[in-house]
>>> print(open('entry-v9.cif').read())   # mmCIF, C-alpha atoms (C1' of nucleotides)
data_structure
#
loop_
_atom_site.group_PDB
_atom_site.id
_atom_site.type_symbol
_atom_site.label_atom_id
_atom_site.label_comp_id
_atom_site.auth_asym_id
_atom_site.auth_seq_id
_atom_site.Cartn_x
_atom_site.Cartn_y
_atom_site.Cartn_z
ATOM 1 C CA MET A 1 34.232 7.243 -18.854
ATOM 2 C CA SER A 2 32.684 10.603 -18.338
ATOM 3 C CA PHE A 3 29.271 12.195 -18.568
ATOM 4 C CA ILE A 4 28.141 15.729 -19.156
ATOM 5 C CA PHE A 5 24.542 16.376 -18.222
ATOM 6 C CA PHE A 6 22.236 18.968 -16.851
ATOM 7 C CA ARG A 7 20.683 19.626 -13.472
ATOM 8 C CA ASN A 8 21.355 16.629 -11.319
ATOM 9 C CA SER A 9 24.665 14.871 -11.221
ATOM 10 C CA ARG A 10 23.853 13.116 -7.970
ATOM 11 C CA HIS A 11 20.858 11.382 -9.506
ATOM 12 C CA LEU A 12 22.883 9.840 -12.316
ATOM 13 C CA ARG A 13 25.656 8.880 -9.950
ATOM 14 C CA ASN A 14 23.170 7.085 -7.759
ATOM 15 C CA CYS A 15 21.814 5.159 -10.748
ATOM 16 C CA LEU A 16 25.156 3.467 -11.386
ATOM 17 C CA VAL A 17 25.586 0.078 -9.802
ATOM 18 C CA ILE A 18 28.214 -1.607 -11.955
ATOM 19 C CA GLY A 19 31.803 -1.586 -10.863
ATOM 20 C CA ALA A 20 33.680 1.234 -12.561
ATOM 21 C CA ASN A 21 35.602 4.347 -11.845
ATOM 22 C CA VAL A 22 33.312 7.149 -12.924
ATOM 23 C CA ARG A 23 33.954 10.852 -13.212
ATOM 24 C CA LEU A 24 30.875 12.994 -13.301
ATOM 25 C CA LEU A 25 30.637 16.520 -14.632
ATOM 26 C CA GLY A 26 27.336 18.251 -14.015
ATOM 27 C CA ILE A 27 25.906 21.635 -15.010
ATOM 28 C CA TYR A 28 23.444 23.095 -12.584
ATOM 29 C CA SER A 29 22.143 26.630 -12.291
ATOM 30 C CA ASP A 30 24.852 27.976 -14.588
ATOM 31 C CA LYS A 31 27.524 26.505 -12.387
ATOM 32 C CA PHE A 32 29.751 23.578 -13.139
ATOM 33 C CA ILE A 33 29.762 20.946 -10.474
ATOM 34 C CA SER A 34 32.127 18.070 -10.763
ATOM 35 C CA SER A 35 32.379 15.104 -8.531
ATOM 36 C CA GLN A 36 34.011 11.746 -8.560
ATOM 37 C CA CYS A 37 32.700 8.530 -7.241
ATOM 38 C CA ILE A 38 33.935 4.985 -7.301
ATOM 39 C CA VAL A 39 31.100 2.554 -7.669
ATOM 40 C CA SER A 40 31.758 -1.080 -6.834
ATOM 41 C CA PRO A 41 29.523 -4.120 -7.009
ATOM 42 C CA LEU A 42 27.077 -4.029 -4.161
ATOM 43 C CA SER A 43 27.045 -6.917 -1.760
ATOM 44 C CA THR A 44 25.300 -6.198 1.494
ATOM 45 C CA TYR A 45 22.774 -3.732 2.727
ATOM 46 C CA CYS A 46 25.126 -2.418 5.396
ATOM 47 C CA GLU A 47 27.893 -1.876 2.915
ATOM 48 C CA VAL A 48 25.642 0.055 0.571
ATOM 49 C CA ALA A 49 24.088 2.082 3.354
ATOM 50 C CA ARG A 50 27.579 3.088 4.385
ATOM 51 C CA ARG A 51 28.640 4.117 0.900
ATOM 52 C CA LEU A 52 25.705 6.006 -0.483
ATOM 53 C CA PRO A 53 24.157 9.308 0.618
ATOM 54 C CA GLU A 54 21.696 9.085 3.472
ATOM 55 C CA THR A 55 18.784 10.137 1.298
ATOM 56 C CA ILE A 56 19.247 7.190 -1.053
ATOM 57 C CA THR A 57 19.410 3.564 -0.006
ATOM 58 C CA ARG A 58 20.170 0.966 -2.641
ATOM 59 C CA PHE A 59 20.872 -2.683 -2.164
ATOM 60 C CA SER A 60 20.763 -5.978 -3.973
ATOM 61 C CA LEU A 61 18.957 -9.072 -2.829
ATOM 62 C CA LYS A 62 20.989 -12.215 -3.112
ATOM 63 C CA GLU A 63 18.406 -14.642 -1.814
ATOM 64 C CA PRO A 64 15.083 -15.602 -3.386
ATOM 65 C CA LYS A 65 12.534 -13.800 -1.310
ATOM 66 C CA ILE A 66 9.354 -15.450 -0.282
ATOM 67 C CA SER A 67 9.325 -14.745 3.394
ATOM 68 C CA TYR A 68 7.056 -16.609 5.791
ATOM 69 C CA GLN A 69 7.376 -15.563 9.391
ATOM 70 C CA TYR A 70 5.796 -15.937 12.792
ATOM 71 C CA SER A 71 3.408 -13.289 14.062
ATOM 72 C CA ASP A 72 1.244 -12.861 17.127
ATOM 73 C CA THR A 73 -2.508 -13.336 17.101
ATOM 74 C CA ILE A 74 -4.585 -10.200 16.569
ATOM 75 C CA HIS A 75 -7.924 -10.427 18.352
ATOM 76 C CA LEU A 76 -10.793 -8.444 16.900
ATOM 77 C CA TYR A 77 -13.951 -7.306 18.623
ATOM 78 C CA GLN A 78 -16.439 -10.026 19.453
ATOM 79 C CA ASP A 79 -20.002 -9.495 20.532
ATOM 80 C CA LYS A 80 -21.337 -12.904 21.412
ATOM 81 C CA LYS A 81 -24.752 -11.473 22.247
ATOM 82 C CA HIS A 82 -25.247 -10.426 18.659
ATOM 83 C CA GLY A 83 -23.754 -13.329 16.874
ATOM 84 C CA GLY A 84 -20.138 -12.263 16.721
ATOM 85 C CA GLY A 85 -17.679 -15.090 16.651
ATOM 86 C CA THR A 86 -14.025 -15.688 16.988
ATOM 87 C CA ILE A 87 -11.701 -15.556 14.050
ATOM 88 C CA ASP A 88 -11.297 -19.301 14.211
ATOM 89 C CA GLN A 89 -15.020 -19.809 13.967
ATOM 90 C CA THR A 90 -15.915 -17.542 11.112
ATOM 91 C CA ALA A 91 -13.185 -16.578 8.682
ATOM 92 C CA THR A 92 -9.518 -16.443 7.853
ATOM 93 C CA ILE A 93 -8.734 -12.736 7.990
ATOM 94 C CA LEU A 94 -5.693 -11.616 6.007
ATOM 95 C CA VAL A 95 -4.405 -8.041 6.043
ATOM 96 C CA LEU A 96 -2.808 -6.991 2.772
ATOM 97 C CA ASP A 97 -0.560 -4.243 1.472
ATOM 98 C CA LEU A 98 0.997 -3.828 -1.960
ATOM 99 C CA GLY A 99 3.957 -1.942 -3.294
ATOM 100 C CA THR A 100 3.526 -0.783 -6.868
ATOM 101 C CA THR A 101 5.208 1.362 -9.487
ATOM 102 C CA GLY A 102 2.332 3.847 -9.354
ATOM 103 C CA VAL A 103 -1.353 4.292 -8.651
ATOM 104 C CA ASN A 104 -2.811 3.298 -12.003
ATOM 105 C CA SER A 105 -3.899 -0.324 -11.742
ATOM 106 C CA LYS A 106 -4.171 -0.596 -15.535
ATOM 107 C CA LYS A 107 -0.675 0.628 -16.307
ATOM 108 C CA ASP A 108 1.431 0.156 -13.201
ATOM 109 C CA GLN A 109 2.737 -3.097 -11.764
ATOM 110 C CA ILE A 110 2.991 -4.722 -8.359
ATOM 111 C CA THR A 111 6.536 -4.719 -6.988
ATOM 112 C CA GLU A 112 5.902 -6.011 -3.471
ATOM 113 C CA ILE A 113 3.177 -7.878 -1.623
ATOM 114 C CA ALA A 114 2.818 -8.410 2.114
ATOM 115 C CA ILE A 115 0.043 -10.237 3.959
ATOM 116 C CA ARG A 116 -0.496 -11.198 7.590
ATOM 117 C CA ASP A 117 -2.949 -13.751 8.916
ATOM 118 C CA LEU A 118 -4.549 -12.366 12.072
ATOM 119 C CA LYS A 119 -4.673 -15.859 13.506
ATOM 120 C CA GLY A 120 -0.912 -15.638 13.883
ATOM 121 C CA GLY A 121 1.532 -18.437 14.580
ATOM 122 C CA PRO A 122 4.356 -19.891 12.493
ATOM 123 C CA ASP A 123 4.405 -18.849 8.834
ATOM 124 C CA SER A 124 1.510 -16.466 9.379
ATOM 125 C CA THR A 125 3.006 -13.738 7.194
ATOM 126 C CA PHE A 126 3.590 -13.808 3.436
ATOM 127 C CA HIS A 127 6.011 -11.316 1.946
ATOM 128 C CA THR A 128 7.761 -11.153 -1.379
ATOM 129 C CA LEU A 129 9.072 -8.757 -3.945
ATOM 130 C CA VAL A 130 7.851 -9.420 -7.472
ATOM 131 C CA ASN A 131 8.563 -8.314 -11.019
ATOM 132 C CA PRO A 132 12.369 -8.287 -10.746
ATOM 133 C CA GLU A 133 12.811 -6.061 -13.799
ATOM 134 C CA LEU A 134 10.947 -3.214 -12.152
ATOM 135 C CA PRO A 135 12.568 -0.819 -9.689
ATOM 136 C CA LEU A 136 10.999 -0.684 -6.260
ATOM 137 C CA LYS A 137 10.658 2.958 -5.440
ATOM 138 C CA ASN A 138 9.031 4.575 -2.500
ATOM 139 C CA HIS A 139 8.410 8.224 -3.174
ATOM 140 C CA LYS A 140 8.324 9.102 0.512
ATOM 141 C CA THR A 141 11.465 7.362 1.687
ATOM 142 C CA ASN A 142 13.335 7.867 -1.586
ATOM 143 C CA GLN A 143 14.334 4.240 -1.531
ATOM 144 C CA ILE A 144 15.311 2.381 -4.669
ATOM 145 C CA LEU A 145 15.698 -1.362 -4.565
ATOM 146 C CA THR A 146 17.572 -3.351 -7.170
ATOM 147 C CA LYS A 147 16.058 -6.819 -7.172
ATOM 148 C CA SER A 148 17.654 -10.072 -8.136
ATOM 149 C CA ASN A 149 16.403 -13.631 -7.706
ATOM 150 C CA VAL A 150 12.946 -12.223 -7.177
ATOM 151 C CA PRO A 151 9.951 -14.122 -8.541
ATOM 152 C CA ARG A 152 8.036 -12.665 -11.459
ATOM 153 C CA TYR A 153 4.803 -14.336 -10.428
ATOM 154 C CA PHE A 154 3.371 -14.677 -6.988
ATOM 155 C CA CYS A 155 -0.223 -15.782 -7.553
ATOM 156 C CA LEU A 156 0.314 -19.532 -7.298
ATOM 157 C CA MET A 157 2.499 -19.117 -4.249
ATOM 158 C CA LEU A 158 -0.119 -16.887 -2.685
ATOM 159 C CA LEU A 159 -2.890 -19.363 -3.447
ATOM 160 C CA LYS A 160 -0.849 -22.130 -1.889
ATOM 161 C CA TRP A 161 -0.088 -20.075 1.224
ATOM 162 C CA VAL A 162 -3.706 -18.995 1.704
ATOM 163 C CA LYS A 163 -4.774 -22.610 1.327
ATOM 164 C CA SER A 164 -2.349 -23.550 4.088
ATOM 165 C CA ARG A 165 -3.736 -20.831 6.360
ATOM 166 C CA ARG A 166 -7.345 -21.554 5.658
ATOM 167 C CA MET A 167 -9.427 -23.375 8.212
ATOM 168 C CA ASP A 168 -11.766 -26.002 6.798
ATOM 169 C CA SER A 169 -13.931 -24.264 4.235
ATOM 170 C CA LYS A 170 -14.198 -20.963 6.096
ATOM 171 C CA LEU A 171 -14.286 -17.706 4.231
ATOM 172 C CA VAL A 172 -11.126 -15.816 3.399
ATOM 173 C CA LEU A 173 -11.359 -12.095 4.095
ATOM 174 C CA LEU A 174 -8.679 -9.866 2.564
ATOM 175 C CA VAL A 175 -8.404 -6.439 4.215
ATOM 176 C CA ALA A 176 -6.533 -3.418 2.821
ATOM 177 C CA HIS A 177 -6.604 0.314 3.522
ATOM 178 C CA ASN A 178 -8.155 2.032 0.523
ATOM 179 C CA GLY A 179 -8.119 -1.437 -0.988
ATOM 180 C CA HIS A 180 -11.252 -0.806 -3.004
ATOM 181 C CA CYS A 181 -9.560 1.848 -5.099
ATOM 182 C CA PHE A 182 -5.997 0.636 -4.930
ATOM 183 C CA ASP A 183 -4.837 -2.779 -3.713
ATOM 184 C CA PHE A 184 -7.727 -4.934 -4.904
ATOM 185 C CA PRO A 185 -7.799 -3.749 -8.554
ATOM 186 C CA PHE A 186 -4.042 -4.360 -8.708
ATOM 187 C CA LEU A 187 -4.420 -7.814 -7.180
ATOM 188 C CA VAL A 188 -7.284 -8.872 -9.449
ATOM 189 C CA ARG A 189 -5.387 -7.707 -12.512
ATOM 190 C CA ALA A 190 -2.219 -9.513 -11.420
ATOM 191 C CA PHE A 191 -4.143 -12.759 -11.134
ATOM 192 C CA GLU A 192 -5.690 -12.166 -14.565
ATOM 193 C CA GLN A 193 -2.317 -11.510 -16.162
ATOM 194 C CA ASN A 194 -1.015 -14.791 -14.801
ATOM 195 C CA GLY A 195 -3.978 -16.708 -16.125
ATOM 196 C CA ASN A 196 -5.434 -17.182 -12.668
ATOM 197 C CA GLN A 197 -8.438 -15.920 -10.851
ATOM 198 C CA ILE A 198 -9.022 -14.967 -7.257
ATOM 199 C CA PRO A 199 -11.252 -17.687 -5.789
ATOM 200 C CA ASN A 200 -14.869 -16.685 -5.500
ATOM 201 C CA ASP A 201 -14.947 -17.384 -1.792
ATOM 202 C CA TRP A 202 -12.257 -14.818 -1.080
ATOM 203 C CA LEU A 203 -13.948 -11.660 0.158
ATOM 204 C CA LEU A 204 -12.433 -8.193 -0.015
ATOM 205 C CA LEU A 205 -12.790 -5.506 2.640
ATOM 206 C CA ASP A 206 -11.690 -1.868 2.527
ATOM 207 C CA SER A 207 -10.779 -0.420 5.939
ATOM 208 C CA LEU A 208 -10.999 3.206 4.793
ATOM 209 C CA PRO A 209 -14.795 3.519 5.285
ATOM 210 C CA PHE A 210 -14.361 2.366 8.897
ATOM 211 C CA ALA A 211 -11.673 4.991 9.423
ATOM 212 C CA ARG A 212 -14.165 7.629 8.296
ATOM 213 C CA GLN A 213 -16.542 6.488 11.030
ATOM 214 C CA LEU A 214 -14.038 7.068 13.810
ATOM 215 C CA ARG A 215 -14.731 9.895 16.255
ATOM 216 C CA HIS A 216 -12.730 11.891 18.748
ATOM 217 C CA PRO A 217 -13.684 11.494 22.421
ATOM 218 C CA ASP A 218 -15.879 14.601 22.107
ATOM 219 C CA GLY A 219 -17.825 12.937 19.309
ATOM 220 C CA THR A 220 -16.430 14.977 16.450
ATOM 221 C CA LYS A 221 -15.238 13.349 13.263
ATOM 222 C CA LEU A 222 -11.599 12.997 12.361
ATOM 223 C CA GLU A 223 -10.583 16.021 10.356
ATOM 224 C CA LYS A 224 -10.683 15.660 6.610
ATOM 225 C CA GLY A 225 -7.352 14.374 5.395
ATOM 226 C CA ASN A 226 -6.641 12.482 8.607
ATOM 227 C CA HIS A 227 -7.693 9.048 7.449
ATOM 228 C CA LYS A 228 -4.322 7.989 6.136
ATOM 229 C CA LEU A 229 -2.866 4.842 7.677
ATOM 230 C CA ASN A 230 -0.138 6.855 9.400
ATOM 231 C CA ASP A 231 -2.733 9.193 10.885
ATOM 232 C CA LEU A 232 -4.728 6.218 12.121
ATOM 233 C CA VAL A 233 -1.633 4.752 13.744
ATOM 234 C CA THR A 234 -1.357 7.944 15.775
ATOM 235 C CA PHE A 235 -5.080 8.199 16.460
ATOM 236 C CA CYS A 236 -5.290 4.611 17.660
ATOM 237 C CA ASN A 237 -2.079 4.842 19.712
ATOM 238 C CA VAL A 238 -0.619 1.951 17.781
ATOM 239 C CA VAL A 239 3.091 1.296 18.103
ATOM 240 C CA PRO A 240 4.343 0.775 14.541
ATOM 241 C CA GLU A 241 6.587 -2.167 13.778
ATOM 242 C CA GLY A 242 9.335 -1.561 11.239
ATOM 243 C CA SER A 243 9.769 1.323 8.840
ATOM 244 C CA ALA A 244 6.742 3.171 7.578
ATOM 245 C CA HIS A 245 5.758 2.798 3.920
ATOM 246 C CA LYS A 246 7.220 -0.653 3.637
ATOM 247 C CA ALA A 247 4.601 -3.208 2.795
ATOM 248 C CA MET A 248 4.960 -5.509 5.789
ATOM 249 C CA ALA A 249 5.336 -2.593 8.196
ATOM 250 C CA ASP A 250 2.125 -1.095 6.838
ATOM 251 C CA VAL A 251 0.426 -4.479 7.110
ATOM 252 C CA ASN A 252 1.405 -4.729 10.772
ATOM 253 C CA ALA A 253 0.186 -1.190 11.383
ATOM 254 C CA LEU A 254 -3.140 -1.893 9.696
ATOM 255 C CA CYS A 255 -3.580 -5.078 11.737
ATOM 256 C CA PHE A 256 -3.555 -3.072 14.972
ATOM 257 C CA VAL A 257 -5.550 -0.196 13.503
ATOM 258 C CA LEU A 258 -8.176 -2.686 12.329
ATOM 259 C CA GLN A 259 -8.243 -4.265 15.764
ATOM 260 C CA HIS A 260 -8.750 -0.854 17.351
ATOM 261 C CA MET A 261 -11.491 0.122 14.922
ATOM 262 C CA THR A 262 -13.469 -3.071 15.482
ATOM 263 C CA PHE A 263 -13.484 -2.431 19.233
ATOM 264 C CA VAL A 264 -14.320 1.285 18.974
ATOM 265 C CA LEU A 265 -17.001 0.801 16.312
ATOM 266 C CA LYS A 266 -18.144 -2.503 17.831
ATOM 267 C CA LEU A 267 -17.714 -4.349 14.565
ATOM 268 C CA THR A 268 -17.982 -8.110 14.775
ATOM 269 C CA ILE A 269 -16.410 -10.467 12.272
ATOM 270 C CA THR A 270 -19.896 -10.933 10.897
ATOM 271 C CA ASP A 271 -20.188 -7.169 10.392
ATOM 272 C CA LEU A 272 -16.913 -7.141 8.503
ATOM 273 C CA ILE A 273 -18.086 -9.939 6.244
ATOM 274 C CA LYS A 274 -21.321 -8.070 5.573
ATOM 275 C CA ARG A 275 -19.324 -5.016 4.494
ATOM 276 C CA SER A 276 -17.061 -7.007 2.204
ATOM 277 C CA PHE A 277 -17.438 -7.626 -1.514
ATOM 278 C CA THR A 278 -16.286 -10.170 -4.060
ATOM 279 C CA PRO A 279 -13.410 -9.905 -6.571
ATOM 280 C CA SER A 280 -15.935 -10.072 -9.412
ATOM 281 C CA ARG A 281 -16.601 -6.393 -8.701
ATOM 282 C CA TYR A 282 -13.450 -5.598 -10.663
ATOM 283 C CA LEU A 283 -14.019 -7.886 -13.628
ATOM 284 C "C1'" DT B 284 5.206 20.333 -5.971
ATOM 285 C "C1'" DG B 285 1.998 18.301 -8.715
ATOM 286 C "C1'" DC B 286 0.544 14.845 -11.691
ATOM 287 C "C1'" DC B 287 -0.981 10.117 -12.546
ATOM 288 C "C1'" DA B 288 -6.484 6.510 -11.655
ATOM 289 C "C1'" DG B 289 -10.763 6.005 -9.706
ATOM 290 C "C1'" DG B 290 -14.313 5.281 -6.193
ATOM 291 C "C1'" DC B 291 -16.069 7.470 -2.275
ATOM 292 C "C1'" DC B 292 -17.307 11.378 0.683
ATOM 293 C "C1'" DC B 293 -18.491 16.059 1.502
ATOM 294 C "C1'" DT B 294 -20.251 20.520 0.210
ATOM 295 C "C1'" DC B 295 -23.045 23.111 -2.182
ATOM 296 C "C1'" DT B 296 -26.478 22.149 -4.713
ATOM 297 C "C1'" DT B 297 -28.204 18.503 -7.906
ATOM 298 C "C1'" DT B 298 -26.171 16.134 -11.110
ATOM 299 C "C1'" DA B 299 -21.182 19.293 -10.257
ATOM 300 C "C1'" DG B 300 -16.832 19.931 -8.192
ATOM 301 C "C1'" DG B 301 -13.100 19.218 -5.104
ATOM 302 C "C1'" DG B 302 -10.466 16.479 -1.989
ATOM 303 C "C1'" DC B 303 -9.052 12.127 -0.011
ATOM 304 C "C1'" DC B 304 -6.415 7.789 -0.243
ATOM 305 C "C1'" DT B 305 -3.338 4.313 -2.126
ATOM 306 C "C1'" DT B 306 2.269 3.752 -4.699
#
>>> encode(input="entry-v9.cif", output="structure tokens")
Amino acid sequence: MSFIFFRNSRHLRNCLVIGANVRLLGIYSDKFISSQCIVSPLSTYCEVARRLPETITRFSLKEPKISYQYSDTIHLYQDKKHGGGTIDQTATILVLDLGTTGVNSKKDQITEIAIRDLKGGPDSTFHTLVNPELPLKNHKTNQILTKSNVPRYFCLMLLKWVKSRRMDSKLVLLVAHNGHCFDFPFLVRAFEQNGNQIPNDWLLLDSLPFARQLRHPDGTKLEKGNHKLNDLVTFCNVVPEGSAHKAMADVNALCFVLQHMTFVLKLTITDLIKRSFTPSRYL
DNA sequence: TGCCAGGCCCTCTTTAGGGCCTT
């Protein structure tokens, strides 16, 4: 089997995952570039990482992936003088991050969802890939993930998990960075598509406005363009866990950034609830 | 590298434009 194509032979070669001996002939910048690669069925992450170029990582998941793991408790700022309370007393606070195929919530799809309950403990994180027919692509790490045995729907599982994390009838507060313009519209639409609805007593909170309130020690604002989650990780001296731009790693980063912001800005849980909004905003 | 969507913020100027932020 052979291919003749323009511009980028490496790209096509990297798209092949089925066992076959493949000879590639590429034309690029008026020069002929030929290469040969032997592509075998992929079994483990390590094996694939060893075979493929460093800039591309591709692997197959063999296990159904709904991951529930232990995490430590994240304590937010409490001001008892002004009515602040502990997490246990006021709300179940869940930090969220989504992976998607793009930034258009009307056209693109969710490919990954990660959530962490700040209360911590066993099974305090929820992580899964979704929509197995869609490639998971991160434009910054150039990672492509071929998914198998991945659930198409996650809403019922998420509802069940949140119910298990919820204390009594306390509020549920979902927090995401730039969630108002990105994560929350995607999440609301995903629930709609599955014939579900986000419960009315789930509140949504965008952490980006708080990031814009942060100040340097000399009182000056953070420079424009420095409110990205990665920038906040540096500003807040947070030690990131895991690789950047992966959903659960970003969730963990935002947990500590949120913690830092509540202390610096003296934001109580009550303040966070006051700044939150309901899912009906997107209906 | 820039585009994609869209709400917010900032600047310069008012009802406009550009940039940020998320994948």
>>> interface_residues(input="entry-v9.cif", of="chain A", to="chain B", cutoff="9 Å", atoms="all atoms listed in the file", output="PyMOL selection string")
chain A and resi 98-106+137-139+177-183+208-209+224-228
>>> atom_distance(input="entry-v9.cif", atom1="CA of Gly120 (chain A)", atom2="CA of Phe191 (chain A)")
25.4 Å
>>> atom_distance(input="entry-v9.cif", atom1="CA of Gln78 (chain A)", atom2="CA of Pro279 (chain A)")
26.2 Å
>>> resolve_selection(input="entry-v9.cif", expression="the PyMOL selection byres ((chain A and resi 169) around 10)", output="NGL selection string")
:A and (90-92 or 163 or 166-168 or 170-172 or 201)
>>> resolve_selection(input="entry-v9.cif", expression="the PyMOL selection byres ((chain A and resi 93) around 10)", output="list in words")
Ile74, Ile87, Asp88, Thr90, Ala91, Thr92, Leu94, Val95, Leu96, Ile115, Arg116, Asp117, Leu118, Lys119, Arg165, Arg166, Leu171, Val172, Leu173, Leu174, Val175, Trp202, Leu203, Leu204, Leu205, Cys255, Ile269, Leu272 and Ile273 of chain A
>>> closest_residue(input="entry-v9.cif", among="A:Phe186, A:Phe154, A:Tyr77, A:Tyr68", to="Asp108 (chain A)", atoms="only C-alpha atoms")
A:Phe186
>>> atom_distance(input="entry-v9.cif", atom1="CA of Asn200 (chain A)", atom2="CA of Ser71 (chain A)")
27.0 Å
>>> resolve_selection(input="entry-v9.cif", expression="the PyMOL selection byres ((chain A and resi 257) around 8)", output="ChimeraX atom specification")
/A:232-233,236,238,253-256,258-261
